[in-house]
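Student: Would you mind keeping the following structure in view while I ask a few things?
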Amino acid sequence: MLLVIMSLAVFACKGLVQALPFPAPNFNNCNNYQGCCPAPYKGTISEKLYVFDRKLPMRTRPAAHLLDDAYIAKYQRAYRLLRALPDSDPRSWKNQAKLHCAYCNAAFNFDVLTSSGRNSTMRFEVHFGWMFLPWHRFFLYFHERILAKLLGDDETFALPFWNWDNQSPDPPLANAIPLAFANPIYDNKVQSSLYDERRNRCTKWPNLIDLQNALECANQTLELQTSLRQWNNRLMYTQLVTAAPISRLFFGESYKLGSAPGRGAGTLEVSPHGDVHLWTGNPNATIPFSDMGILQYAALDPIFYAHHGNIDRLWEVWKSLPGGNRKDLSQADYLNTQFLFYDENAALVKVQISQALNINNFRSGTHYSHEF
Ligand code: C2O
């Protein structure tokens with residue numbers, strides 16, 4: 001009898017996966033669901049973790065609504081160069097959007113144990129849980145390094161951030177679409193490389209952002225704009241302060257090898273993050289809410305990267321707030337989770353979450369303040 005029980009136990013354990021950190025997914029074993037496989041890789045991937053360039057000077061990410069003409073010209077040039085890369089280059093415009101899509105439930109399979117005790121295969125997902133902030137910090141960083149390389153400006157280029165949490169009514173407005181993104185034509189002559197035609201008409205300048213995406217596309221009277229500022233401020237206060245006094249609520253639920261994805265997003269991820277995506281995407285597009293409002297297409301809009309610049313900044317803002325227990329997560333399964341990215345030289349590199357927590361590693365960041 002004992003033997004039967006023991007062999008049953010062995011049987012039940014066979015092939016099951018324990019809770020462990022996710023290893024880096026295999027780019028050459030991609031199931032191309034939604035056509036999102038990142039560029040395949042030839043050769044072997046180094047077992048070693050990515051090494052940050054400590055000699056890079058610190059760069060400050062500027063607020064997008066405050067850019068001067070010279071910065072906008074450089075920013076335009078960066079995206080023109082990126083869009084011109086052929087898709088045989090893993091750093092290309094489309095390949096970067098695909099990489100984001102691949103990591104959002106579209107490309108990599110891992111075995112998991114379902115609640116009924118059966119083994120099944122699930123697609124990997126960096127959203128809706130604790131991987132959200134670190135994964136996007138890396139994604140943004142490599143994107144920024146690629147642009148800097150294309151510009152031949154390794155030392156000073158930093159991505160602007162869209163400061164939509166700033167509700168100041170004084171011009172230039174931070175909480176409308178930044179002017180650098182608003183116009184389809186740049187400098188009265190060429191197509192803007194920062195423009196995406198698949199945006200909601202609500203984003204038309206100078207409509208204000210609706211951080212809860214609650215109003216659909218209401219006609220923004222001055223009165224309504226005053227209320228919107230108030231609602232936006234309230235939402236920011238709730239999501240950073242009252243609703244997130246502890247790490248788990250801010251970062252979201254754990255997600256380890258062996259668990260299903262999407263167990264619960266943190267406060268910042270749901271709202272404002274998700275709502276800014278939905279507000280920006282076009283509800284009447286052929287694929288409703290593309291580009292920004294659909295994970296699969298979101299990174300095709302250059303404003304995606306400025307949006308995430310602000311998300312990345314708000315992570316630091318949250319850590320700097322007094323009260324509560326506002327610290328990075330410290331579980332080993334979190335810290336040892338690994339991802340692969342293409343760097344500015346088109347080399348595939350391996351990173352792990354423990355490297356993402358110190359913003360100084362990236363030699364690029366923002367001013368970490370938010371006035372409530
Ligand atoms: Cu990967 Cu803002 O989403």
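As shown in the structure tokens, the chain order sets the letters A, B, ...; within each chain, residues go from 1, and ligands are also counted from 1 in the order they appear.
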Kindly compile the residues surrounding ligand 1 within 7 Å, counting only C-alpha atoms and all ligand atoms, and format them as a list of chain:residue names.

Tutor: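 If we count only C-alpha atoms and all ligand atoms, the neighbours of ligand 1 turn out to be A:His100, A:Cys104, A:His127, A:His136, A:His273, A:Gly274, A:His277, A:Leu295, A:Phe304, A:His308.
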
Student: Given the selection you just returned, output its residues as a file containing all heavy atoms, formatted as a short mmCIF file (atom, residue, chain, number, x, y, z; two decimals), in the first residue's frame.

Tutor:
```cif
data_model
loop_
_atom_site.label_atom_id
_atom_site.label_comp_id
_atom_site.auth_asym_id
_atom_site.auth_seq_id
_atom_site.Cartn_x
_atom_site.Cartn_y
_atom_site.Cartn_z
N HIS A 100 8.01 43.62 -27.86
CA HIS A 100 7.04 43.93 -26.81
C HIS A 100 5.85 42.97 -26.89
O HIS A 100 5.43 42.40 -25.89
CB HIS A 100 6.57 45.38 -26.94
CG HIS A 100 5.54 45.76 -25.92
ND1 HIS A 100 4.22 45.98 -26.22
CD2 HIS A 100 5.64 45.93 -24.57
CE1 HIS A 100 3.57 46.27 -25.11
NE2 HIS A 100 4.39 46.25 -24.10
N CYS A 104 4.30 39.80 -24.46
CA CYS A 104 2.95 39.97 -23.89
C CYS A 104 2.08 38.82 -24.37
O CYS A 104 1.22 38.98 -25.20
CB CYS A 104 2.37 41.35 -24.15
SG CYS A 104 1.71 41.67 -25.76
N HIS A 127 3.02 41.40 -18.42
CA HIS A 127 2.05 42.35 -17.86
C HIS A 127 1.23 41.69 -16.75
O HIS A 127 1.28 40.49 -16.57
CB HIS A 127 1.11 42.85 -18.96
CG HIS A 127 1.86 43.54 -20.08
ND1 HIS A 127 2.31 42.86 -21.18
CD2 HIS A 127 2.27 44.82 -20.22
CE1 HIS A 127 2.95 43.70 -21.97
NE2 HIS A 127 2.95 44.90 -21.42
N HIS A 136 9.70 46.56 -18.38
CA HIS A 136 9.58 47.76 -19.20
C HIS A 136 10.75 48.72 -18.98
O HIS A 136 11.12 49.45 -19.88
CB HIS A 136 8.23 48.45 -18.96
CG HIS A 136 7.09 47.69 -19.58
ND1 HIS A 136 6.51 46.60 -18.98
CD2 HIS A 136 6.46 47.84 -20.78
CE1 HIS A 136 5.57 46.12 -19.77
NE2 HIS A 136 5.51 46.85 -20.87
N HIS A 273 -1.47 53.63 -15.95
CA HIS A 273 -0.80 53.06 -17.12
C HIS A 273 -1.77 52.57 -18.20
O HIS A 273 -1.72 53.00 -19.35
CB HIS A 273 0.15 51.92 -16.70
CG HIS A 273 0.58 51.06 -17.84
ND1 HIS A 273 0.03 49.82 -18.10
CD2 HIS A 273 1.46 51.28 -18.84
CE1 HIS A 273 0.57 49.31 -19.19
NE2 HIS A 273 1.44 50.18 -19.66
N GLY A 274 -2.65 51.65 -17.81
CA GLY A 274 -3.54 51.05 -18.80
C GLY A 274 -4.50 52.07 -19.40
O GLY A 274 -4.83 52.02 -20.60
N HIS A 277 -2.94 54.15 -22.10
CA HIS A 277 -2.91 53.36 -23.34
C HIS A 277 -4.26 53.43 -24.04
O HIS A 277 -4.34 53.69 -25.25
CB HIS A 277 -2.60 51.89 -23.02
CG HIS A 277 -1.13 51.59 -22.99
ND1 HIS A 277 -0.35 51.50 -24.11
CD2 HIS A 277 -0.29 51.34 -21.95
CE1 HIS A 277 0.90 51.21 -23.78
NE2 HIS A 277 0.97 51.11 -22.46
N LEU A 295 -1.94 45.78 -26.58
CA LEU A 295 -0.55 45.43 -26.23
C LEU A 295 0.25 45.01 -27.46
O LEU A 295 1.41 45.36 -27.61
CB LEU A 295 -0.54 44.31 -25.20
CG LEU A 295 -0.93 44.72 -23.78
CD1 LEU A 295 -1.03 43.52 -22.87
CD2 LEU A 295 0.04 45.75 -23.22
N PHE A 304 4.48 55.62 -27.03
CA PHE A 304 4.59 54.49 -26.09
C PHE A 304 5.81 54.68 -25.18
O PHE A 304 5.75 54.48 -23.96
CB PHE A 304 4.74 53.18 -26.88
CG PHE A 304 5.03 51.97 -26.03
CD1 PHE A 304 4.01 51.11 -25.63
CD2 PHE A 304 6.34 51.66 -25.63
CE1 PHE A 304 4.30 50.00 -24.84
CE2 PHE A 304 6.62 50.55 -24.85
CZ PHE A 304 5.59 49.72 -24.46
N HIS A 308 5.99 55.26 -21.19
CA HIS A 308 6.70 54.38 -20.25
C HIS A 308 7.84 55.09 -19.52
O HIS A 308 8.22 54.68 -18.43
CB HIS A 308 7.14 53.09 -20.92
CG HIS A 308 6.05 52.07 -20.85
ND1 HIS A 308 5.89 51.25 -19.76
CD2 HIS A 308 5.01 51.81 -21.68
CE1 HIS A 308 4.81 50.51 -19.93
NE2 HIS A 308 4.25 50.83 -21.08
#
```

Student: Could you please write out, as JSON, numbers by chain, every residue of stretch 89-249 of chain A that DSSP assigns to helix (DSSP H, G or I)?

Tutor: {"A": [93, 94, 95, 96, 97, 98, 99, 100, 101, 102, 132, 133, 134, 135, 136, 137, 138, 139, 140, 141, 142, 143, 144, 145, 146, 147, 148, 149, 150, 151, 179, 180, 181, 182, 201, 202, 203, 222, 223, 224, 225, 226, 227, 228, 229, 230, 231, 232, 233, 234, 235, 236, 237, 238, 239, 240, 241, 242, 247, 248, 249]}

Student: Deliver the residues from the most recent selection as a file, using C-alpha atoms, as a PDB file, in the first residue's frame.

Tutor:
```pdb
ATOM      1  CA  TRP A  93      11.122  49.699 -35.585  1.00  0.00           C
ATOM      2  CA  LYS A  94       8.853  46.725 -36.221  1.00  0.00           C
ATOM      3  CA  ASN A  95      11.134  44.297 -34.453  1.00  0.00           C
ATOM      4  CA  GLN A  96      11.012  46.388 -31.310  1.00  0.00           C
ATOM      5  CA  ALA A  97       7.221  46.455 -31.383  1.00  0.00           C
ATOM      6  CA  LYS A  98       7.261  42.700 -31.992  1.00  0.00           C
ATOM      7  CA  LEU A  99       9.536  42.175 -29.042  1.00  0.00           C
ATOM      8  CA  HIS A 100       7.038  43.931 -26.808  1.00  0.00           C
ATOM      9  CA  CYS A 101       4.241  41.859 -28.301  1.00  0.00           C
ATOM     10  CA  ALA A 102       6.245  38.645 -27.915  1.00  0.00           C
ATOM     11  CA  PHE A 132       5.696  44.738 -15.352  1.00  0.00           C
ATOM     12  CA  LEU A 133       7.940  47.521 -14.015  1.00  0.00           C
ATOM     13  CA  PRO A 134      11.365  45.897 -14.366  1.00  0.00           C
ATOM     14  CA  TRP A 135      10.687  44.404 -17.797  1.00  0.00           C
ATOM     15  CA  HIS A 136       9.581  47.763 -19.198  1.00  0.00           C
ATOM     16  CA  ARG A 137      12.552  49.527 -17.602  1.00  0.00           C
ATOM     17  CA  PHE A 138      14.873  47.246 -19.556  1.00  0.00           C
ATOM     18  CA  PHE A 139      12.837  47.566 -22.730  1.00  0.00           C
ATOM     19  CA  LEU A 140      12.977  51.344 -22.524  1.00  0.00           C
ATOM     20  CA  TYR A 141      16.654  51.342 -21.746  1.00  0.00           C
ATOM     21  CA  PHE A 142      17.625  49.249 -24.777  1.00  0.00           C
ATOM     22  CA  HIS A 143      15.306  51.321 -26.946  1.00  0.00           C
ATOM     23  CA  GLU A 144      17.053  54.453 -25.708  1.00  0.00           C
ATOM     24  CA  ARG A 145      20.511  52.972 -26.296  1.00  0.00           C
ATOM     25  CA  ILE A 146      19.538  51.989 -29.822  1.00  0.00           C
ATOM     26  CA  LEU A 147      18.304  55.512 -30.606  1.00  0.00           C
ATOM     27  CA  ALA A 148      21.437  57.018 -29.074  1.00  0.00           C
ATOM     28  CA  LYS A 149      23.599  54.754 -31.202  1.00  0.00           C
ATOM     29  CA  LEU A 150      21.710  55.632 -34.383  1.00  0.00           C
ATOM     30  CA  LEU A 151      22.147  59.308 -33.578  1.00  0.00           C
ATOM     31  CA  LEU A 179       3.189  69.058 -29.047  1.00  0.00           C
ATOM     32  CA  ALA A 180       6.176  67.138 -30.370  1.00  0.00           C
ATOM     33  CA  PHE A 181       3.807  64.191 -30.983  1.00  0.00           C
ATOM     34  CA  ALA A 182       0.691  66.046 -32.007  1.00  0.00           C
ATOM     35  CA  ARG A 201      -9.475  61.988 -31.613  1.00  0.00           C
ATOM     36  CA  CYS A 202      -9.578  62.724 -27.839  1.00  0.00           C
ATOM     37  CA  THR A 203      -5.815  63.056 -28.016  1.00  0.00           C
ATOM     38  CA  LEU A 222     -13.133  74.653 -19.573  1.00  0.00           C
ATOM     39  CA  GLU A 223     -15.345  73.511 -16.753  1.00  0.00           C
ATOM     40  CA  LEU A 224     -14.849  69.876 -17.607  1.00  0.00           C
ATOM     41  CA  GLN A 225     -11.097  70.413 -17.834  1.00  0.00           C
ATOM     42  CA  THR A 226     -11.062  71.787 -14.302  1.00  0.00           C
ATOM     43  CA  SER A 227     -12.835  68.678 -13.082  1.00  0.00           C
ATOM     44  CA  LEU A 228     -10.540  66.434 -15.093  1.00  0.00           C
ATOM     45  CA  ARG A 229      -7.479  67.918 -13.401  1.00  0.00           C
ATOM     46  CA  GLN A 230      -9.079  67.210 -10.069  1.00  0.00           C
ATOM     47  CA  TRP A 231      -9.982  63.621 -10.998  1.00  0.00           C
ATOM     48  CA  ASN A 232      -6.511  63.003 -12.377  1.00  0.00           C
ATOM     49  CA  ASN A 233      -4.860  64.285  -9.220  1.00  0.00           C
ATOM     50  CA  ARG A 234      -7.130  62.163  -7.128  1.00  0.00           C
ATOM     51  CA  LEU A 235      -6.345  59.072  -9.170  1.00  0.00           C
ATOM     52  CA  MET A 236      -2.596  59.658  -8.825  1.00  0.00           C
ATOM     53  CA  TYR A 237      -2.937  60.090  -5.097  1.00  0.00           C
ATOM     54  CA  THR A 238      -4.944  56.906  -4.755  1.00  0.00           C
ATOM     55  CA  GLN A 239      -2.701  54.741  -6.908  1.00  0.00           C
ATOM     56  CA  LEU A 240       0.609  55.905  -5.452  1.00  0.00           C
ATOM     57  CA  VAL A 241      -0.291  56.762  -1.898  1.00  0.00           C
ATOM     58  CA  THR A 242      -3.432  55.358  -0.316  1.00  0.00           C
ATOM     59  CA  SER A 247       5.166  46.680  -2.261  1.00  0.00           C
ATOM     60  CA  ARG A 248       2.813  43.918  -3.241  1.00  0.00           C
ATOM     61  CA  LEU A 249      -0.017  46.322  -3.964  1.00  0.00           C
TER      62      LEU A 249
END
```

Student: Name all residues at most 12 Å from A:Ala73 (count only C-alpha atoms; drop same-chain ones fewer than 2 positions away) and give them as a PDB file with N, CA and C atoms, in the first residue's frame.

Tutor:
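Saved as result_19.pdb:
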```pdb
ATOM      1  N   LEU A  67      10.473  70.283 -24.238  1.00  0.00           N
ATOM      2  CA  LEU A  67      11.594  70.158 -25.173  1.00  0.00           C
ATOM      3  C   LEU A  67      11.759  71.435 -25.993  1.00  0.00           C
ATOM      4  N   ASP A  68      13.006  71.816 -26.239  1.00  0.00           N
ATOM      5  CA  ASP A  68      13.210  72.955 -27.135  1.00  0.00           C
ATOM      6  C   ASP A  68      13.342  72.448 -28.577  1.00  0.00           C
ATOM      7  N   ASP A  69      13.436  73.394 -29.509  1.00  0.00           N
ATOM      8  CA  ASP A  69      13.441  73.021 -30.931  1.00  0.00           C
ATOM      9  C   ASP A  69      14.602  72.094 -31.281  1.00  0.00           C
ATOM     10  N   ALA A  70      15.747  72.370 -30.683  1.00  0.00           N
ATOM     11  CA  ALA A  70      16.918  71.550 -31.023  1.00  0.00           C
ATOM     12  C   ALA A  70      16.709  70.101 -30.558  1.00  0.00           C
ATOM     13  N   TYR A  71      16.105  69.950 -29.383  1.00  0.00           N
ATOM     14  CA  TYR A  71      15.875  68.591 -28.877  1.00  0.00           C
ATOM     15  C   TYR A  71      14.845  67.868 -29.741  1.00  0.00           C
ATOM     16  N   TYR A  75      15.204  64.391 -31.666  1.00  0.00           N
ATOM     17  CA  TYR A  75      14.219  63.341 -31.351  1.00  0.00           C
ATOM     18  C   TYR A  75      13.538  62.854 -32.651  1.00  0.00           C
ATOM     19  N   GLN A  76      13.180  63.797 -33.496  1.00  0.00           N
ATOM     20  CA  GLN A  76      12.611  63.457 -34.801  1.00  0.00           C
ATOM     21  C   GLN A  76      13.605  62.616 -35.606  1.00  0.00           C
ATOM     22  N   ARG A  77      14.842  63.043 -35.585  1.00  0.00           N
ATOM     23  CA  ARG A  77      15.866  62.346 -36.364  1.00  0.00           C
ATOM     24  C   ARG A  77      16.049  60.923 -35.836  1.00  0.00           C
ATOM     25  N   ALA A  78      16.020  60.778 -34.522  1.00  0.00           N
ATOM     26  CA  ALA A  78      16.212  59.455 -33.924  1.00  0.00           C
ATOM     27  C   ALA A  78      15.164  58.472 -34.456  1.00  0.00           C
ATOM     28  N   TYR A  79      13.901  58.895 -34.469  1.00  0.00           N
ATOM     29  CA  TYR A  79      12.849  57.975 -34.925  1.00  0.00           C
ATOM     30  C   TYR A  79      12.840  57.815 -36.441  1.00  0.00           C
ATOM     31  N   ARG A  80      13.326  58.823 -37.158  1.00  0.00           N
ATOM     32  CA  ARG A  80      13.435  58.660 -38.602  1.00  0.00           C
ATOM     33  C   ARG A  80      14.479  57.583 -38.897  1.00  0.00           C
ATOM     34  N   LEU A 151      21.856  57.872 -33.509  1.00  0.00           N
ATOM     35  CA  LEU A 151      22.147  59.308 -33.578  1.00  0.00           C
ATOM     36  C   LEU A 151      23.642  59.588 -33.499  1.00  0.00           C
ATOM     37  N   ALA A 180       5.235  67.847 -29.495  1.00  0.00           N
ATOM     38  CA  ALA A 180       6.176  67.138 -30.370  1.00  0.00           C
ATOM     39  C   ALA A 180       5.535  65.921 -31.045  1.00  0.00           C
ATOM     40  N   TYR A 186       6.141  67.650 -39.578  1.00  0.00           N
ATOM     41  CA  TYR A 186       7.172  68.298 -38.760  1.00  0.00           C
ATOM     42  C   TYR A 186       7.776  69.461 -39.528  1.00  0.00           C
ATOM     43  N   ASP A 187       7.912  70.578 -38.848  1.00  0.00           N
ATOM     44  CA  ASP A 187       8.618  71.729 -39.398  1.00  0.00           C
ATOM     45  C   ASP A 187       8.012  72.202 -40.723  1.00  0.00           C
ATOM     46  N   VAL A 190       8.137  67.901 -43.538  1.00  0.00           N
ATOM     47  CA  VAL A 190       8.238  66.438 -43.655  1.00  0.00           C
ATOM     48  C   VAL A 190       7.257  65.745 -42.705  1.00  0.00           C
ATOM     49  N   SER A 192       6.090  63.755 -39.698  1.00  0.00           N
ATOM     50  CA  SER A 192       6.689  63.629 -38.371  1.00  0.00           C
ATOM     51  C   SER A 192       6.943  62.159 -38.051  1.00  0.00           C
ATOM     52  N   SER A 193       8.140  61.866 -37.590  1.00  0.00           N
ATOM     53  CA  SER A 193       8.456  60.472 -37.221  1.00  0.00           C
ATOM     54  C   SER A 193       7.878  60.131 -35.854  1.00  0.00           C
ATOM     55  N   LEU A 194       7.327  61.130 -35.169  1.00  0.00           N
ATOM     56  CA  LEU A 194       6.762  60.901 -33.829  1.00  0.00           C
ATOM     57  C   LEU A 194       5.244  60.790 -33.873  1.00  0.00           C
TER      58      LEU A 194
END
```

Student: Calculated over only C-alpha atoms, which of the candidates A:Leu314, A:Ile177, A:Ala332, A:Gly324 has the smallest distance to A:Trp205?

Tutor: A:Ile177

Student: Please compute the atom CA of A:Val349-atom CA of A:Asn32 distance, one decimal, in Å.

Tutor: 21.0 Å

Student: Enumerate the residues of stretch 111-301 of chain A with a DSSP assignment of strand (DSSP E or B), computed from the backbone, and present them as a count of residues only.

Tutor: 23

Student: Can you work out which one of A:Glu197, A:Glu253, A:Asp328, A:Glu155 has the shortest atom-to-atom distance to A:Ala265, counting only C-alpha atoms?

Tutor: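 Using only C-alpha atoms, the shortest distance to A:Ala265 belongs to A:Glu253.
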
Student: Using only C-alpha atoms, can you tell me which of A:Gln34, A:Asn29, A:Asn175, A:Ser271 comes closest to A:Ala243?

Tutor: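 Smallest distance to A:Ala243 is found for A:Ser271.
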
Student: With distances taken over only C-alpha atoms, which residue among A:Phe52, A:Tyr103, A:Phe108, A:Trp130 lies nearest A:Ala299?

Tutor: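 The closest residue to A:Ala299 is A:Tyr103.
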